[in-house]
file target11.pdb (PDB, C-alpha atoms)
ATOM      1  CA  MET A   1       0.000   0.000   0.000
ATOM      2  CA  ILE A   2       1.423   3.379  -0.884
ATOM      3  CA  MET A   3       1.817   6.100   1.702
ATOM      4  CA  GLN A   4      -0.875   8.312   0.204
ATOM      5  CA  ASP A   5      -3.427   5.498   0.559
ATOM      6  CA  ILE A   6      -2.379   4.742   4.139
ATOM      7  CA  ILE A   7      -2.721   8.383   5.144
ATOM      8  CA  GLY A   8      -6.001   8.779   3.249
ATOM      9  CA  GLY A   9      -7.366   5.716   5.052
ATOM     10  CA  ILE A  10      -6.401   7.044   8.476
ATOM     11  CA  ILE A  11      -7.946  10.436   7.794
ATOM     12  CA  GLN A  12     -11.191   8.967   6.494
ATOM     13  CA  GLU A  13     -11.411   6.666   9.492
ATOM     14  CA  HIS A  14     -10.973   9.556  11.924
ATOM     15  CA  PHE A  15     -13.760  11.503  10.203
ATOM     16  CA  ASP A  16     -15.954   8.392  10.486
ATOM     17  CA  ILE A  17     -15.235   7.898  14.195
ATOM     18  CA  GLU A  18     -15.400  11.515  15.343
ATOM     19  CA  SER A  19     -18.686  13.197  14.512
ATOM     20  CA  GLY A  20     -17.413  16.491  15.923
ATOM     21  CA  LEU A  21     -14.390  16.536  13.660
ATOM     22  CA  ARG A  22     -14.573  19.526  11.317
ATOM     23  CA  ALA A  23     -11.152  19.405   9.726
ATOM     24  CA  ILE A  24      -7.792  17.689   9.821
ATOM     25  CA  ALA A  25      -4.688  19.787   9.320
ATOM     26  CA  VAL A  26      -1.798  17.726   7.985
ATOM     27  CA  PHE A  27       1.679  18.974   8.851
ATOM     28  CA  SER A  28       3.758  16.207   7.261
ATOM     29  CA  GLU A  29       4.542  15.295   3.666
ATOM     30  CA  ASP A  30       3.602  11.868   2.331
ATOM     31  CA  ARG A  31       7.302  11.045   1.954
ATOM     32  CA  ASP A  32       8.023  11.727   5.649
ATOM     33  CA  ASN A  33       7.028   8.211   6.767
ATOM     34  CA  GLU A  34       5.021   9.698   9.609
ATOM     35  CA  LEU A  35       1.771  11.591   9.969
ATOM     36  CA  ARG A  36       1.569  14.831  11.943
ATOM     37  CA  ILE A  37      -1.984  16.040  12.308
ATOM     38  CA  ILE A  38      -4.083  18.483  14.262
ATOM     39  CA  GLU A  39      -7.731  17.512  14.381
ATOM     40  CA  VAL A  40     -10.160  20.412  14.699
ATOM     41  CA  ASN A  41     -12.820  18.856  16.834
ATOM     42  CA  GLU A  42     -15.948  20.421  18.312
ATOM     43  CA  ASN A  43     -15.743  17.870  21.122
ATOM     44  CA  ALA A  44     -12.108  18.580  22.035
ATOM     45  CA  LEU A  45     -11.297  19.795  25.524
ATOM     46  CA  PRO A  46     -10.151  23.408  25.243
ATOM     47  CA  THR A  47      -6.748  23.771  26.878
ATOM     48  CA  GLY A  48      -5.030  26.545  24.903
ATOM     49  CA  GLN A  49      -2.206  24.139  24.103
ATOM     50  CA  VAL A  50      -1.213  21.847  21.257
ATOM     51  CA  GLU A  51       0.272  18.711  22.762
ATOM     52  CA  PRO A  52       0.344  15.668  20.512
ATOM     53  CA  PHE A  53      -0.112  12.049  21.470
ATOM     54  CA  VAL A  54       1.771   9.370  19.550
ATOM     55  CA  PHE A  55       0.175   6.313  17.963
ATOM     56  CA  ALA A  56       2.956   3.787  17.440
ATOM     57  CA  PRO A  57       3.208   2.153  13.992
ATOM     58  CA  GLN A  58       0.983  -0.896  13.693
ATOM     59  CA  GLU A  59      -0.159  -3.433  11.119
ATOM     60  CA  LYS A  60      -2.269  -1.270   8.817
ATOM     61  CA  ALA A  61      -0.889   2.129   9.721
ATOM     62  CA  MET A  62       2.792   1.346   9.441
ATOM     63  CA  ILE A  63       3.791   4.882  10.334
ATOM     64  CA  PRO A  64       3.764   6.761  13.627
ATOM     65  CA  ILE A  65       0.915   9.233  13.972
ATOM     66  CA  TYR A  66       1.415  12.419  15.963
ATOM     67  CA  ILE A  67      -2.044  13.682  16.757
ATOM     68  CA  ALA A  68      -3.507  16.567  18.753
ATOM     69  CA  ASP A  69      -7.125  17.648  19.112
ATOM     70  CA  VAL A  70      -8.042  21.327  19.270
ATOM     71  CA  THR A  71     -11.365  23.151  19.308
ATOM     72  CA  PRO A  72     -12.409  25.309  16.312
ATOM     73  CA  ASP A  73     -11.662  28.433  18.403
ATOM     74  CA  GLU A  74      -8.219  27.100  19.255
ATOM     75  CA  TRP A  75      -7.626  26.426  15.570
ATOM     76  CA  GLU A  76      -8.380  30.062  14.816
ATOM     77  CA  ALA A  77      -5.924  31.032  17.575
ATOM     78  CA  ILE A  78      -3.297  28.758  16.002
ATOM     79  CA  CYS A  79      -3.867  30.398  12.609
ATOM     80  CA  ASN A  80      -3.507  33.821  14.259
ATOM     81  CA  GLY A  81      -0.298  32.776  15.987
ATOM     82  CA  GLN A  82      -1.844  33.094  19.452
ATOM     83  CA  ILE A  83      -1.374  29.393  20.203
ATOM     84  CA  LEU A  84       1.974  27.950  19.244
ATOM     85  CA  LEU A  85       2.548  24.658  17.501
ATOM     86  CA  PRO A  86       4.970  22.100  18.952
ATOM     87  CA  ASP A  87       8.667  22.709  18.331
ATOM     88  CA  GLY A  88       9.796  21.457  14.938
ATOM     89  CA  TRP A  89       6.361  21.545  13.301
ATOM     90  CA  PRO A  90       5.924  23.661  10.153
ATOM     91  CA  LYS A  91       4.223  27.000  10.838
ATOM     92  CA  HIS A  92       1.355  26.160   8.510
ATOM     93  CA  PRO A  93      -0.292  22.887   7.534
ATOM     94  CA  ILE A  94       0.564  21.347   4.221
ATOM     95  CA  ARG A  95      -3.079  20.391   3.737
ATOM     96  CA  LEU A  96      -6.306  21.211   5.519
ATOM     97  CA  ILE A  97      -8.951  18.592   4.889
ATOM     98  CA  GLN A  98     -12.458  19.704   5.787
ATOM     99  CA  ARG A  99     -15.330  17.364   6.470
ATOM    100  CA  ASP A 100     -18.160  19.230   4.800
ATOM    101  CA  VAL A 101     -16.647  20.446   1.587
ATOM    102  CA  LYS A 102     -14.794  17.142   1.067
ATOM    103  CA  ASN A 103     -11.814  18.872  -0.402
ATOM    104  CA  GLU A 104      -8.500  20.208   0.628
ATOM    105  CA  VAL A 105      -7.583  23.772   1.407
ATOM    106  CA  PHE A 106      -4.030  24.972   1.467
ATOM    107  CA  ALA A 107      -2.478  26.807   4.366
ATOM    108  CA  GLY A 108      -4.038  30.073   5.305
ATOM    109  CA  THR A 109      -6.435  27.995   7.035
ATOM    110  CA  SER A 110      -9.462  29.597   8.618
ATOM    111  CA  LEU A 111     -12.430  27.234   8.690
ATOM    112  CA  SER A 112     -15.037  29.935   8.209
TER     113      SER A 112
ATOM    114  CA  MET B   1      16.049   1.254  37.180
ATOM    115  CA  LYS B   2      16.271   3.907  34.504
ATOM    116  CA  TYR B   3      13.007   5.376  33.314
ATOM    117  CA  SER B   4      11.997   7.429  30.333
ATOM    118  CA  LEU B   5       9.947  10.475  31.324
ATOM    119  CA  ALA B   6       6.759   8.714  30.205
ATOM    120  CA  GLN B   7       7.579   5.605  32.243
ATOM    121  CA  ALA B   8       8.440   7.776  35.236
ATOM    122  CA  TYR B   9       5.044   9.480  35.069
ATOM    123  CA  LEU B  10       3.359   6.080  34.809
ATOM    124  CA  GLU B  11       5.274   4.737  37.782
ATOM    125  CA  GLN B  12       4.208   7.678  39.919
ATOM    126  CA  ALA B  13       0.626   7.373  38.646
ATOM    127  CA  LYS B  14       0.701   3.729  39.751
ATOM    128  CA  ALA B  15       1.817   4.720  43.273
ATOM    129  CA  ASP B  16      -0.841   7.445  43.430
ATOM    130  CA  PHE B  17      -3.507   4.966  42.333
ATOM    131  CA  GLU B  18      -2.443   2.476  45.016
ATOM    132  CA  SER B  19      -2.568   5.263  47.604
ATOM    133  CA  TYR B  20      -6.061   6.153  46.391
ATOM    134  CA  LYS B  21      -7.180   2.548  46.913
ATOM    135  CA  LEU B  22      -5.671   2.351  50.401
ATOM    136  CA  LEU B  23      -7.138   5.673  51.504
ATOM    137  CA  LYS B  24     -10.541   4.810  50.072
ATOM    138  CA  ILE B  25     -10.911   1.889  52.474
ATOM    139  CA  SER B  26      -9.450   3.813  55.413
ATOM    140  CA  ASP B  27     -11.122   6.281  57.758
ATOM    141  CA  GLN B  28      -9.456   9.237  56.088
ATOM    142  CA  PRO B  29     -11.616  12.085  54.725
ATOM    143  CA  ILE B  30     -12.967  11.744  51.191
ATOM    144  CA  SER B  31     -10.765  14.625  50.010
ATOM    145  CA  GLN B  32      -7.667  12.551  50.700
ATOM    146  CA  TRP B  33      -8.501   9.670  48.397
ATOM    147  CA  LEU B  34      -9.977  12.009  45.794
ATOM    148  CA  HIS B  35      -6.703  13.914  45.838
ATOM    149  CA  PHE B  36      -4.765  10.762  44.997
ATOM    150  CA  LEU B  37      -7.285   9.742  42.350
ATOM    151  CA  GLN B  38      -6.944  13.178  40.735
ATOM    152  CA  MET B  39      -3.156  12.932  40.831
ATOM    153  CA  ALA B  40      -3.179   9.408  39.382
ATOM    154  CA  SER B  41      -5.314  10.504  36.435
ATOM    155  CA  GLU B  42      -3.235  13.638  35.865
ATOM    156  CA  LYS B  43       0.033  11.714  35.821
ATOM    157  CA  ALA B  44      -1.363   8.904  33.677
ATOM    158  CA  GLY B  45      -2.513  11.438  31.080
ATOM    159  CA  LYS B  46       0.814  13.225  31.171
ATOM    160  CA  ALA B  47       2.686   9.939  30.729
ATOM    161  CA  TYR B  48       0.953   9.529  27.363
ATOM    162  CA  LEU B  49       1.809  13.109  26.403
ATOM    163  CA  ALA B  50       5.417  12.539  27.490
ATOM    164  CA  ALA B  51       5.709   9.740  24.929
ATOM    165  CA  TYR B  52       5.672  12.418  22.231
ATOM    166  CA  GLY B  53       8.800  13.948  23.712
ATOM    167  CA  SER B  54       7.309  16.788  25.752
ATOM    168  CA  SER B  55       9.715  18.134  28.373
ATOM    169  CA  SER B  56       9.149  18.101  32.128
ATOM    170  CA  ASP B  57       8.561  21.857  32.024
ATOM    171  CA  GLN B  58       5.917  21.514  29.316
ATOM    172  CA  LEU B  59       4.218  18.685  31.172
ATOM    173  CA  ARG B  60       4.032  20.686  34.387
ATOM    174  CA  LYS B  61       2.061  23.336  32.505
ATOM    175  CA  SER B  62      -0.234  20.782  30.845
ATOM    176  CA  HIS B  63      -3.707  20.259  32.118
ATOM    177  CA  LEU B  64      -6.672  17.979  31.415
ATOM    178  CA  ALA B  65      -4.241  15.456  29.924
ATOM    179  CA  PHE B  66      -6.277  12.431  30.965
ATOM    180  CA  GLY B  67      -9.485  13.870  29.491
ATOM    181  CA  ARG B  68      -7.668  14.483  26.230
ATOM    182  CA  PHE B  69      -6.212  10.982  26.331
ATOM    183  CA  ILE B  70      -9.548   9.219  26.722
ATOM    184  CA  ARG B  71     -11.063  11.334  23.943
ATOM    185  CA  ILE B  72      -8.388  10.168  21.539
ATOM    186  CA  LEU B  73      -8.533   6.468  22.499
ATOM    187  CA  PRO B  74     -11.233   5.389  19.971
ATOM    188  CA  ARG B  75      -8.959   6.476  17.113
ATOM    189  CA  ASN B  76      -6.223   4.054  18.170
ATOM    190  CA  LYS B  77      -6.589   0.652  16.488
ATOM    191  CA  VAL B  78      -4.618  -1.241  19.131
ATOM    192  CA  ILE B  79      -6.986  -0.054  21.845
ATOM    193  CA  GLN B  80      -9.991  -1.099  19.753
ATOM    194  CA  ARG B  81      -8.477  -4.556  19.355
ATOM    195  CA  ASP B  82      -7.586  -4.823  23.058
ATOM    196  CA  TRP B  83     -11.205  -4.148  24.019
ATOM    197  CA  LYS B  84     -12.523  -6.339  21.190
ATOM    198  CA  ILE B  85     -15.090  -3.706  20.286
ATOM    199  CA  THR B  86     -15.570  -1.348  17.371
ATOM    200  CA  SER B  87     -14.387   2.223  17.475
ATOM    201  CA  GLU B  88     -18.019   3.344  17.608
ATOM    202  CA  GLN B  89     -18.754   1.142  20.629
ATOM    203  CA  LEU B  90     -15.573   2.304  22.323
ATOM    204  CA  LYS B  91     -16.503   5.909  21.654
ATOM    205  CA  GLN B  92     -19.976   5.481  23.149
ATOM    206  CA  TYR B  93     -18.473   3.773  26.187
ATOM    207  CA  LEU B  94     -15.961   6.558  26.687
ATOM    208  CA  ASN B  95     -18.467   9.359  26.039
ATOM    209  CA  GLN B  96     -20.284   8.228  29.160
ATOM    210  CA  ILE B  97     -17.235   8.648  31.332
ATOM    211  CA  HIS B  98     -15.995  12.011  29.996
ATOM    212  CA  PRO B  99     -18.024  14.056  32.510
ATOM    213  CA  ILE B 100     -16.802  12.198  35.597
ATOM    214  CA  ALA B 101     -13.233  12.044  34.275
ATOM    215  CA  ASP B 102     -13.311  15.820  33.745
ATOM    216  CA  ARG B 103     -14.706  16.397  37.232
ATOM    217  CA  ILE B 104     -11.919  14.344  38.789
ATOM    218  CA  GLU B 105      -9.273  16.262  36.843
ATOM    219  CA  ARG B 106     -10.830  19.580  37.844
ATOM    220  CA  LEU B 107     -10.327  18.676  41.503
ATOM    221  CA  ALA B 108      -6.807  20.018  41.001
ATOM    222  CA  PRO B 109      -6.627  23.421  42.718
ATOM    223  CA  ALA B 110      -5.181  25.043  39.576
ATOM    224  CA  LEU B 111      -8.362  24.153  37.673
ATOM    225  CA  SER B 112     -10.960  24.969  40.309
ATOM    226  CA  ASN B 113     -12.131  28.163  41.945
ATOM    227  CA  GLY B 114     -14.380  26.132  44.190
ATOM    228  CA  PRO B 115     -14.327  22.623  45.586
ATOM    229  CA  ASN B 116     -10.972  20.922  45.160
ATOM    230  CA  ALA B 117      -9.272  18.110  46.994
ATOM    231  CA  GLU B 118      -6.308  20.041  48.333
ATOM    232  CA  TYR B 119      -6.796  23.655  49.467
ATOM    233  CA  PRO B 120      -9.546  25.584  51.310
ATOM    234  CA  TRP B 121     -11.789  27.703  49.077
ATOM    235  CA  MET B 122     -14.114  30.629  49.689
ATOM    236  CA  LEU B 123     -17.808  30.732  48.824
ATOM    237  CA  PRO B 124     -19.312  33.914  47.281
ATOM    238  CA  ASP B 125     -20.691  34.904  50.720
ATOM    239  CA  GLY B 126     -17.190  34.738  52.222
ATOM    240  CA  GLU B 127     -17.611  31.406  54.009
ATOM    241  CA  ILE B 128     -14.477  29.285  53.861
ATOM    242  CA  ARG B 129     -14.723  25.563  53.107
ATOM    243  CA  VAL B 130     -12.094  22.946  53.861
ATOM    244  CA  PRO B 131     -11.537  19.917  51.593
ATOM    245  CA  CYS B 132     -11.178  17.454  54.470
ATOM    246  CA  THR B 133     -14.622  18.341  55.848
ATOM    247  CA  HIS B 134     -16.388  18.579  52.469
ATOM    248  CA  ASP B 135     -18.566  15.631  51.430
ATOM    249  CA  PHE B 136     -17.954  15.806  47.622
ATOM    250  CA  LYS B 137     -21.349  14.111  47.442
ATOM    251  CA  ASP B 138     -21.923  14.470  43.676
ATOM    252  CA  ILE B 139     -18.513  13.172  42.684
ATOM    253  CA  VAL B 140     -18.635  10.272  45.123
ATOM    254  CA  SER B 141     -22.037   9.116  43.873
ATOM    255  CA  GLU B 142     -20.826   9.409  40.259
ATOM    256  CA  LEU B 143     -17.782   7.319  41.104
ATOM    257  CA  GLU B 144     -20.015   4.637  42.575
ATOM    258  CA  SER B 145     -22.120   4.482  39.396
ATOM    259  CA  VAL B 146     -21.359   2.245  36.407
ATOM    260  CA  ARG B 147     -19.755   5.233  34.678
ATOM    261  CA  GLY B 148     -17.487   5.829  37.652
ATOM    262  CA  ARG B 149     -16.456   2.206  37.850
ATOM    263  CA  ASN B 150     -15.719   2.222  34.128
ATOM    264  CA  LEU B 151     -13.561   5.299  34.577
ATOM    265  CA  LEU B 152     -11.507   3.468  37.201
ATOM    266  CA  LYS B 153     -11.101   0.498  34.842
ATOM    267  CA  ILE B 154      -9.842   2.777  32.067
ATOM    268  CA  LEU B 155      -7.461   4.551  34.442
ATOM    269  CA  GLU B 156      -6.093   1.260  35.743
ATOM    270  CA  ARG B 157      -5.592   0.023  32.189
ATOM    271  CA  ALA B 158      -3.904   3.250  31.151
ATOM    272  CA  ILE B 159      -1.495   2.879  34.057
ATOM    273  CA  SER B 160      -0.788  -0.843  33.900
ATOM    274  CA  ASN B 161      -1.543  -2.314  30.480
ATOM    275  CA  SER B 162       1.671  -2.831  28.520
ATOM    276  CA  GLN B 163      -0.235  -3.144  25.210
ATOM    277  CA  TRP B 164      -1.643   0.307  25.742
ATOM    278  CA  HIS B 165       1.817   1.627  26.575
ATOM    279  CA  LYS B 166       3.234   0.166  23.354
ATOM    280  CA  ALA B 167       0.302   1.500  21.334
ATOM    281  CA  PHE B 168       1.209   5.009  22.476
ATOM    282  CA  ARG B 169       4.957   4.439  22.185
ATOM    283  CA  ILE B 170       5.711   4.552  25.887
ATOM    284  CA  LEU B 171       9.152   2.968  25.949
TER     285      LEU B 171
END

call {"tool": "encode", "arguments": {"input": "target11.pdb", "output": "structure tokens"}}
result
Amino acid sequence: MIMQDIIGGIIQEHFDIESGLRAIAVFSEDRDNELRIIEVNENALPTGQVEPFVFAPQEKAMIPIYIADVTPDEWEAICNGQILLPDGWPKHPIRLIQRDVKNEVFAGTSLS
Amino acid sequence: MKYSLAQAYLEQAKADFESYKLLKISDQPISQWLHFLQMASEKAGKAYLAAYGSSSDQLRKSHLAFGRFIRILPRNKVIQRDWKITSEQLKQYLNQIHPIADRIERLAPALSNGPNAEYPWMLPDGEIRVPCTHDFKDIVSELESVRGRNLLKILERAISNSQWHKAFRIL
């Protein structure tokens, strides 16, 4: 399975599981052999921080996933530079995948 | 024994959870065992954040780590397999325990202007309340419900289950 399919599968699955998920911001390239994502989730606990958890590589998803949930308001604050991303993460996502419009938006990144 | 930061947090969470259990069956005030339960959940959550590589300083400033952890669990395949249920079932199960998990975490004085398990607090009319004489009635009855018992199962698993640790790269 190629990396693009693996990542696409993970993202689709997360949209399926999380009804409150409005968008997934992807901060890694397909060639990176890892997935760094921020999930903009209406059901996230607001904390004013972006702290990722790590999913270790496993059978189907053979890459580590670095994943943090934020609320839509926190996402706006991230876009405005009021909430900082973890050290080493790009300043802007490489892709922003929204649930409703079913397409990708490039960095710039407001959900409205 | 040498620990990674994540393992160190888990080890301390384990000790806090054991203290909670001992105090719960003792004659000590409710605040005392709630305090240890709050600390166990806080440190368990932070252990899973530490696996990413967060520093001690960052982790000290983190809050609601356990609540965030249980919200992310249904998206982890290994956890789904361990429970032998679908992600949807796991999510429904966990949705029921979010409120009580959040209430336990908010017993930390830094997250509460009112009742907490550690320091006295003042009511709007100026009356001062003391944790060790407070009955924490709502939280205690929640903890005795099915939801509360399920929360304790999840916490115990988060602290002790090596499959869960591997799934979140706690090495």

call {"tool": "interface_residues", "arguments": {"input": "target11.pdb", "of": "chain B", "to": "chain A", "cutoff": "9 Å", "atoms": "only C-alpha atoms", "output": "PyMOL selection string"}}
result
chain B and resi 48-52+54+62-64+67-69+71-72+74-78+87-88+91+166-170

call {"tool": "resolve_selection", "arguments": {"input": "target11.pdb", "expression": "the PyMOL selection byres ((chain A and resi 23) around 10)", "output": "PDB file with C-alpha atoms, keeping the file's coordinate frame"}}
result
ATOM      1  CA  ILE A  11      -7.946  10.436   7.794  1.00  0.00           C
ATOM      2  CA  PHE A  15     -13.760  11.503  10.203  1.00  0.00           C
ATOM      3  CA  GLY A  20     -17.413  16.491  15.923  1.00  0.00           C
ATOM      4  CA  LEU A  21     -14.390  16.536  13.660  1.00  0.00           C
ATOM      5  CA  ARG A  22     -14.573  19.526  11.317  1.00  0.00           C
ATOM      6  CA  ILE A  24      -7.792  17.689   9.821  1.00  0.00           C
ATOM      7  CA  ALA A  25      -4.688  19.787   9.320  1.00  0.00           C
ATOM      8  CA  VAL A  26      -1.798  17.726   7.985  1.00  0.00           C
ATOM      9  CA  ILE A  38      -4.083  18.483  14.262  1.00  0.00           C
ATOM     10  CA  GLU A  39      -7.731  17.512  14.381  1.00  0.00           C
ATOM     11  CA  VAL A  40     -10.160  20.412  14.699  1.00  0.00           C
ATOM     12  CA  ASN A  41     -12.820  18.856  16.834  1.00  0.00           C
ATOM     13  CA  GLU A  42     -15.948  20.421  18.312  1.00  0.00           C
ATOM     14  CA  PRO A  72     -12.409  25.309  16.312  1.00  0.00           C
ATOM     15  CA  TRP A  75      -7.626  26.426  15.570  1.00  0.00           C
ATOM     16  CA  LEU A  96      -6.306  21.211   5.519  1.00  0.00           C
ATOM     17  CA  ILE A  97      -8.951  18.592   4.889  1.00  0.00           C
ATOM     18  CA  GLN A  98     -12.458  19.704   5.787  1.00  0.00           C
ATOM     19  CA  ARG A  99     -15.330  17.364   6.470  1.00  0.00           C
ATOM     20  CA  ASP A 100     -18.160  19.230   4.800  1.00  0.00           C
ATOM     21  CA  VAL A 101     -16.647  20.446   1.587  1.00  0.00           C
ATOM     22  CA  LYS A 102     -14.794  17.142   1.067  1.00  0.00           C
ATOM     23  CA  GLU A 104      -8.500  20.208   0.628  1.00  0.00           C
ATOM     24  CA  LEU A 111     -12.430  27.234   8.690  1.00  0.00           C
TER      25      LEU A 111
END

call {"tool": "resolve_selection", "arguments": {"input": "target11.pdb", "expression": "the PyMOL selection byres ((chain B and resi 38) around 9)", "output": "PDB file with C-alpha atoms, in the coordinates of the input"}}
result
ATOM      1  CA  ASP B  16      -0.841   7.445  43.430  1.00  0.00           C
ATOM      2  CA  TRP B  33      -8.501   9.670  48.397  1.00  0.00           C
ATOM      3  CA  LEU B  34      -9.977  12.009  45.794  1.00  0.00           C
ATOM      4  CA  HIS B  35      -6.703  13.914  45.838  1.00  0.00           C
ATOM      5  CA  PHE B  36      -4.765  10.762  44.997  1.00  0.00           C
ATOM      6  CA  LEU B  37      -7.285   9.742  42.350  1.00  0.00           C
ATOM      7  CA  MET B  39      -3.156  12.932  40.831  1.00  0.00           C
ATOM      8  CA  ALA B  40      -3.179   9.408  39.382  1.00  0.00           C
ATOM      9  CA  SER B  41      -5.314  10.504  36.435  1.00  0.00           C
ATOM     10  CA  GLU B  42      -3.235  13.638  35.865  1.00  0.00           C
ATOM     11  CA  LYS B  43       0.033  11.714  35.821  1.00  0.00           C
ATOM     12  CA  ILE B 104     -11.919  14.344  38.789  1.00  0.00           C
ATOM     13  CA  GLU B 105      -9.273  16.262  36.843  1.00  0.00           C
ATOM     14  CA  ARG B 106     -10.830  19.580  37.844  1.00  0.00           C
ATOM     15  CA  LEU B 107     -10.327  18.676  41.503  1.00  0.00           C
ATOM     16  CA  ALA B 108      -6.807  20.018  41.001  1.00  0.00           C
ATOM     17  CA  ALA B 117      -9.272  18.110  46.994  1.00  0.00           C
TER      18      ALA B 117
END

call {"tool": "atom_distance", "arguments": {"input": "target11.pdb", "atom1": "atom CA of Ile63 of chain A", "atom2": "atom CA of Arg36 of chain A"}}
result
10.3 Å

call {"tool": "atom_distance", "arguments": {"input": "target11.pdb", "atom1": "atom CA of Ile128 of chain B", "atom2": "atom CA of Ser26 of chain B"}}
result
26.0 Å

call {"tool": "resolve_selection", "arguments": {"input": "target11.pdb", "expression": "the PyMOL selection byres ((chain B and resi 135) around 12)", "output": "PyMOL selection string"}}
result
chain B and resi 29-32+34+115-117+129-134+136-141

call {"tool": "atom_distance", "arguments": {"input": "target11.pdb", "atom1": "atom CA of Lys46 of chain B", "atom2": "atom CA of Ala65 of chain B"}}
result
5.7 Å

call {"tool": "closest_residue", "arguments": {"input": "target11.pdb", "among": "B:Asn95, B:Ser55, B:Gln89, B:Gln80", "to": "Gln163 of chain B", "atoms": "all atoms listed in the file"}}
result
B:Gln80

call {"tool": "closest_residue", "arguments": {"input": "target11.pdb", "among": "A:Met62, A:Ile7, A:Glu29, A:Gln12", "to": "Pro90 of chain A", "atoms": "all atoms listed in the file"}}
result
A:Glu29

call {"tool": "build_atoms", "arguments": {"input": "target11.pdb", "residues": "segment 84-98 of chain B", "atoms": "N, CA and C atoms", "output": "short mmCIF file (atom, residue, chain, number, x, y, z; two decimals), keeping the file's coordinate frame"}}
result
data_model
loop_
_atom_site.label_atom_id
_atom_site.label_comp_id
_atom_site.auth_asym_id
_atom_site.auth_seq_id
_atom_site.Cartn_x
_atom_site.Cartn_y
_atom_site.Cartn_z
N LYS B 84 -11.71 -5.47 22.05
CA LYS B 84 -12.52 -6.34 21.19
C LYS B 84 -13.88 -5.71 20.89
N ILE B 85 -13.87 -4.39 20.69
CA ILE B 85 -15.09 -3.71 20.29
C ILE B 85 -14.76 -2.73 19.15
N THR B 86 -15.80 -2.28 18.48
CA THR B 86 -15.57 -1.35 17.37
C THR B 86 -15.24 0.03 17.93
N SER B 87 -14.71 0.86 17.05
CA SER B 87 -14.39 2.22 17.48
C SER B 87 -15.64 2.96 17.92
N GLU B 88 -16.75 2.69 17.25
CA GLU B 88 -18.02 3.34 17.61
C GLU B 88 -18.47 2.93 19.01
N GLN B 89 -18.37 1.61 19.29
CA GLN B 89 -18.75 1.14 20.63
C GLN B 89 -17.83 1.73 21.69
N LEU B 90 -16.54 1.76 21.37
CA LEU B 90 -15.57 2.30 22.32
C LEU B 90 -15.86 3.78 22.58
N LYS B 91 -16.22 4.48 21.52
CA LYS B 91 -16.50 5.91 21.65
C LYS B 91 -17.73 6.13 22.54
N GLN B 92 -18.77 5.34 22.31
CA GLN B 92 -19.98 5.48 23.15
C GLN B 92 -19.67 5.19 24.62
N TYR B 93 -18.87 4.15 24.84
CA TYR B 93 -18.47 3.77 26.19
C TYR B 93 -17.72 4.92 26.86
N LEU B 94 -16.79 5.50 26.11
CA LEU B 94 -15.96 6.56 26.69
C LEU B 94 -16.73 7.86 26.84
N ASN B 95 -17.66 8.13 25.92
CA ASN B 95 -18.47 9.36 26.04
C ASN B 95 -19.17 9.43 27.39
N GLN B 96 -19.57 8.25 27.88
CA GLN B 96 -20.28 8.23 29.16
C GLN B 96 -19.38 8.59 30.34
N ILE B 97 -18.10 8.37 30.18
CA ILE B 97 -17.24 8.65 31.33
C ILE B 97 -16.51 9.99 31.23
N HIS B 98 -16.65 10.69 30.09
CA HIS B 98 -16.00 12.01 30.00
C HIS B 98 -16.37 12.94 31.15
#
